[in-house]
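One structure is given here, and the rest of the page talks about it.
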Amino acid sequence: MTGESRIQARWVELADMDRSTLRVTWTEAFDNAPPHFLSMTFMRKALIWHAQCHRFGGLSPDLKWALNSANAGKTARNTPAAIRPGTQLVREWNGRRYQVDVCDDGYVMNGKRFRSLSAIALHISGTSWSGPRFFGLESKTGIGA
């Protein structure tokens, strides 16, 4: 059974559950009883979302951070769009030109592999930088360039 068909089967299971069974299922999934005012439709949607996260992966760390920041009343920083493998980034620093190749599992500069753009920025400049900012992928205000 494929992941999608499992999710569809779970949706059918949830559709057949009464309120008390949904509450028990919610408690098992989220380790906490649902508020009494939640509708059965909302509980079903939340439970199917939970199943999808377990099957296909949840929210990215950046999105979790942004949601937590928004929840705390802070302004979430804008992060640059994902850089696709095969992209080449070029930066001139102190009269020297640096070229970085984006790979599936990191970055390559002059044949050396790096895990982050910030590590490359540190290597080039000798100081701690935001890698995306160093390569011009975001402005000083944090808004994508």
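Residues are named by chain letter and number: chains run A, B, ... in the order of the structure tokens, numbers start at 1 in each chain, and ligands are numbered from 1 in the order shown.
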
- Which neighbours of Val108 of chain A fall inside 12 Å, counting only C-alpha atoms, when residues of the same chain fewer than 5 positions from it are skipped, and could you give them as a ChimeraX atom specification? /A:85-90,98-103,113-117,119-120

For those residues, write N, CA and C atoms to a file as a PDB file, in the first residue's frame.
```
ATOM      1  N   PRO A  85      19.968  22.601  -6.530  1.00  0.00           N
ATOM      2  CA  PRO A  85      21.247  22.013  -6.923  1.00  0.00           C
ATOM      3  C   PRO A  85      21.554  22.350  -8.380  1.00  0.00           C
ATOM      4  N   GLY A  86      22.815  22.622  -8.645  1.00  0.00           N
ATOM      5  CA  GLY A  86      23.235  23.022  -9.983  1.00  0.00           C
ATOM      6  C   GLY A  86      23.436  24.524 -10.106  1.00  0.00           C
ATOM      7  N   THR A  87      22.908  25.277  -9.130  1.00  0.00           N
ATOM      8  CA  THR A  87      23.069  26.727  -9.133  1.00  0.00           C
ATOM      9  C   THR A  87      24.512  27.077  -8.780  1.00  0.00           C
ATOM     10  N   GLN A  88      25.038  28.113  -9.415  1.00  0.00           N
ATOM     11  CA  GLN A  88      26.373  28.608  -9.083  1.00  0.00           C
ATOM     12  C   GLN A  88      26.239  29.993  -8.481  1.00  0.00           C
ATOM     13  N   LEU A  89      26.842  30.175  -7.331  1.00  0.00           N
ATOM     14  CA  LEU A  89      26.863  31.473  -6.667  1.00  0.00           C
ATOM     15  C   LEU A  89      28.248  32.071  -6.843  1.00  0.00           C
ATOM     16  N   VAL A  90      28.289  33.360  -7.129  1.00  0.00           N
ATOM     17  CA  VAL A  90      29.565  34.042  -7.332  1.00  0.00           C
ATOM     18  C   VAL A  90      29.632  35.229  -6.397  1.00  0.00           C
ATOM     19  N   TYR A  98      35.048  34.368  -6.039  1.00  0.00           N
ATOM     20  CA  TYR A  98      34.774  33.040  -5.499  1.00  0.00           C
ATOM     21  C   TYR A  98      33.531  32.475  -6.175  1.00  0.00           C
ATOM     22  N   GLN A  99      33.600  31.219  -6.562  1.00  0.00           N
ATOM     23  CA  GLN A  99      32.466  30.547  -7.196  1.00  0.00           C
ATOM     24  C   GLN A  99      32.102  29.323  -6.362  1.00  0.00           C
ATOM     25  N   VAL A 100      30.810  29.203  -6.050  1.00  0.00           N
ATOM     26  CA  VAL A 100      30.306  28.104  -5.224  1.00  0.00           C
ATOM     27  C   VAL A 100      29.255  27.345  -6.022  1.00  0.00           C
ATOM     28  N   ASP A 101      29.374  26.019  -6.055  1.00  0.00           N
ATOM     29  CA  ASP A 101      28.395  25.160  -6.712  1.00  0.00           C
ATOM     30  C   ASP A 101      27.461  24.586  -5.653  1.00  0.00           C
ATOM     31  N   VAL A 102      26.154  24.704  -5.896  1.00  0.00           N
ATOM     32  CA  VAL A 102      25.150  24.168  -4.982  1.00  0.00           C
ATOM     33  C   VAL A 102      24.900  22.716  -5.360  1.00  0.00           C
ATOM     34  N   CYS A 103      24.993  21.818  -4.373  1.00  0.00           N
ATOM     35  CA  CYS A 103      24.777  20.383  -4.577  1.00  0.00           C
ATOM     36  C   CYS A 103      23.588  19.933  -3.727  1.00  0.00           C
ATOM     37  N   ARG A 113      34.146  20.557  -0.042  1.00  0.00           N
ATOM     38  CA  ARG A 113      32.718  20.497   0.291  1.00  0.00           C
ATOM     39  C   ARG A 113      32.457  21.227   1.609  1.00  0.00           C
ATOM     40  N   PHE A 114      31.366  22.006   1.623  1.00  0.00           N
ATOM     41  CA  PHE A 114      30.924  22.733   2.810  1.00  0.00           C
ATOM     42  C   PHE A 114      29.465  22.388   3.077  1.00  0.00           C
ATOM     43  N   ARG A 115      29.065  22.400   4.353  1.00  0.00           N
ATOM     44  CA  ARG A 115      27.687  22.074   4.713  1.00  0.00           C
ATOM     45  C   ARG A 115      26.763  23.279   4.621  1.00  0.00           C
ATOM     46  N   SER A 116      27.319  24.503   4.694  1.00  0.00           N
ATOM     47  CA  SER A 116      26.465  25.692   4.681  1.00  0.00           C
ATOM     48  C   SER A 116      27.165  26.847   3.981  1.00  0.00           C
ATOM     49  N   LEU A 117      26.361  27.798   3.551  1.00  0.00           N
ATOM     50  CA  LEU A 117      26.913  29.022   2.970  1.00  0.00           C
ATOM     51  C   LEU A 117      27.626  29.843   4.033  1.00  0.00           C
ATOM     52  N   ALA A 119      29.414  28.689   6.468  1.00  0.00           N
ATOM     53  CA  ALA A 119      30.756  28.121   6.619  1.00  0.00           C
ATOM     54  C   ALA A 119      31.678  28.628   5.508  1.00  0.00           C
ATOM     55  N   ILE A 120      31.135  28.766   4.308  1.00  0.00           N
ATOM     56  CA  ILE A 120      31.933  29.295   3.193  1.00  0.00           C
ATOM     57  C   ILE A 120      32.255  30.763   3.428  1.00  0.00           C
TER      58      ILE A 120
END
```

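Inside chain A, the residues DSSP reads as strand (DSSP E) when given the backbone are Gln88, Leu89, Val90, Arg91, Glu92, Trp93, Arg96, Arg97, Tyr98, Gln99, Val100, Asp101, Val102, Cys103, Gly106, Tyr107, Val108, Met109, Lys112, Arg113 and Phe114 of chain A.
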
Residues from the last selection, N, CA, C and O atoms, saved as a short mmCIF file (atom, residue, chain, number, x, y, z; two decimals), in the first residue's frame:
```
data_model
loop_
_atom_site.label_atom_id
_atom_site.label_comp_id
_atom_site.auth_asym_id
_atom_site.auth_seq_id
_atom_site.Cartn_x
_atom_site.Cartn_y
_atom_site.Cartn_z
N GLN A 88 25.04 28.11 -9.41
CA GLN A 88 26.37 28.61 -9.08
C GLN A 88 26.24 29.99 -8.48
O GLN A 88 25.57 30.87 -9.04
N LEU A 89 26.84 30.18 -7.33
CA LEU A 89 26.86 31.47 -6.67
C LEU A 89 28.25 32.07 -6.84
O LEU A 89 29.26 31.38 -6.72
N VAL A 90 28.29 33.36 -7.13
CA VAL A 90 29.57 34.04 -7.33
C VAL A 90 29.63 35.23 -6.40
O VAL A 90 28.66 35.99 -6.26
N ARG A 91 30.79 35.40 -5.75
CA ARG A 91 30.98 36.52 -4.83
C ARG A 91 32.39 37.03 -5.00
O ARG A 91 33.34 36.25 -5.06
N GLU A 92 32.52 38.33 -5.10
CA GLU A 92 33.84 38.94 -5.13
C GLU A 92 34.12 39.48 -3.74
O GLU A 92 33.28 40.16 -3.13
N TRP A 93 35.29 39.16 -3.22
CA TRP A 93 35.67 39.59 -1.87
C TRP A 93 37.13 39.99 -1.88
O TRP A 93 38.00 39.21 -2.26
N ARG A 96 39.09 39.32 -5.05
CA ARG A 96 39.15 37.93 -5.53
C ARG A 96 37.74 37.40 -5.78
O ARG A 96 36.82 37.70 -5.02
N ARG A 97 37.61 36.63 -6.85
CA ARG A 97 36.29 36.08 -7.23
C ARG A 97 36.17 34.65 -6.71
O ARG A 97 37.06 33.82 -6.90
N TYR A 98 35.05 34.37 -6.04
CA TYR A 98 34.77 33.04 -5.50
C TYR A 98 33.53 32.48 -6.17
O TYR A 98 32.54 33.18 -6.33
N GLN A 99 33.60 31.22 -6.56
CA GLN A 99 32.47 30.55 -7.20
C GLN A 99 32.10 29.32 -6.36
O GLN A 99 32.95 28.52 -6.02
N VAL A 100 30.81 29.20 -6.05
CA VAL A 100 30.31 28.10 -5.22
C VAL A 100 29.25 27.35 -6.02
O VAL A 100 28.35 27.95 -6.60
N ASP A 101 29.37 26.02 -6.06
CA ASP A 101 28.40 25.16 -6.71
C ASP A 101 27.46 24.59 -5.65
O ASP A 101 27.91 24.05 -4.64
N VAL A 102 26.15 24.70 -5.90
CA VAL A 102 25.15 24.17 -4.98
C VAL A 102 24.90 22.72 -5.36
O VAL A 102 24.62 22.40 -6.51
N CYS A 103 24.99 21.82 -4.37
CA CYS A 103 24.78 20.38 -4.58
C CYS A 103 23.59 19.93 -3.73
O CYS A 103 23.09 20.68 -2.89
N GLY A 106 24.93 19.95 0.01
CA GLY A 106 25.76 21.04 0.50
C GLY A 106 26.27 21.92 -0.62
O GLY A 106 25.58 22.13 -1.62
N TYR A 107 27.51 22.37 -0.45
CA TYR A 107 28.10 23.33 -1.38
C TYR A 107 29.55 22.93 -1.64
O TYR A 107 30.22 22.38 -0.77
N VAL A 108 30.04 23.25 -2.85
CA VAL A 108 31.42 22.96 -3.21
C VAL A 108 32.07 24.24 -3.71
O VAL A 108 31.52 24.93 -4.57
N MET A 109 33.25 24.52 -3.13
CA MET A 109 34.03 25.67 -3.59
C MET A 109 35.47 25.20 -3.72
O MET A 109 36.05 24.65 -2.76
N LYS A 112 36.39 21.76 -2.49
CA LYS A 112 36.16 21.45 -1.08
C LYS A 112 34.67 21.54 -0.76
O LYS A 112 34.01 22.51 -1.15
N ARG A 113 34.15 20.56 -0.04
CA ARG A 113 32.72 20.50 0.29
C ARG A 113 32.46 21.23 1.61
O ARG A 113 33.19 21.08 2.57
N PHE A 114 31.37 22.01 1.62
CA PHE A 114 30.92 22.73 2.81
C PHE A 114 29.47 22.39 3.08
O PHE A 114 28.70 22.16 2.15
#
```

- A:Ala33, A:Ala15, A:Ser118, A:Asn71: which is nearest Lys45 of chain A, counting only C-alpha atoms?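 Ranked by minimum distance to Lys45 of chain A, first place goes to A:Ala15.
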
- Query: Could you pull out all residues of segment 66-122 of chain A with a DSSP call of alpha helix (DSSP H) and give them as a list in words?
  - Reply: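 Matching residues for alpha helix (DSSP H) in segment 66-122 of chain A are Ala66, Leu67, Asn68, Ser69, Ala70, Asn71, Leu117, Ser118, Ala119, Ile120, Ala121 and Leu122 of chain A.
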
Contact residues around Arg23 of chain A with only C-alpha atoms at 10 Å, ignoring same-chain residues under 2 positions, as a PDB file with C-alpha atoms, in the first residue's frame:
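Below is the file that was written, out.pdb:
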```pdb
ATOM      1  CA  MET A  17     -15.468   7.644  14.023  1.00  0.00           C
ATOM      2  CA  ASP A  18     -17.917   9.166  16.485  1.00  0.00           C
ATOM      3  CA  ARG A  19     -17.000  12.091  18.741  1.00  0.00           C
ATOM      4  CA  SER A  20     -15.731  10.014  21.687  1.00  0.00           C
ATOM      5  CA  THR A  21     -13.569   7.827  19.439  1.00  0.00           C
ATOM      6  CA  THR A  25      -7.632   9.092  18.807  1.00  0.00           C
ATOM      7  CA  TRP A  26      -6.684  12.772  19.254  1.00  0.00           C
ATOM      8  CA  THR A  27      -5.295  12.095  22.733  1.00  0.00           C
ATOM      9  CA  GLU A  28      -3.213   9.189  21.408  1.00  0.00           C
ATOM     10  CA  ALA A  29      -1.874  11.263  18.505  1.00  0.00           C
ATOM     11  CA  ASN A  32      -3.185  15.712  25.118  1.00  0.00           C
ATOM     12  CA  ALA A  33      -6.976  15.747  25.208  1.00  0.00           C
ATOM     13  CA  PRO A  34      -8.610  18.031  22.643  1.00  0.00           C
ATOM     14  CA  PRO A  35     -10.528  21.087  23.833  1.00  0.00           C
ATOM     15  CA  HIS A  36     -14.224  20.299  24.250  1.00  0.00           C
ATOM     16  CA  LEU A  38     -13.550  21.405  18.739  1.00  0.00           C
ATOM     17  CA  MET A  40     -15.568  16.658  14.699  1.00  0.00           C
ATOM     18  CA  MET A  43     -10.510  16.950  14.735  1.00  0.00           C
ATOM     19  CA  ARG A  44     -10.604  14.768  11.617  1.00  0.00           C
TER      20      ARG A  44
END
```
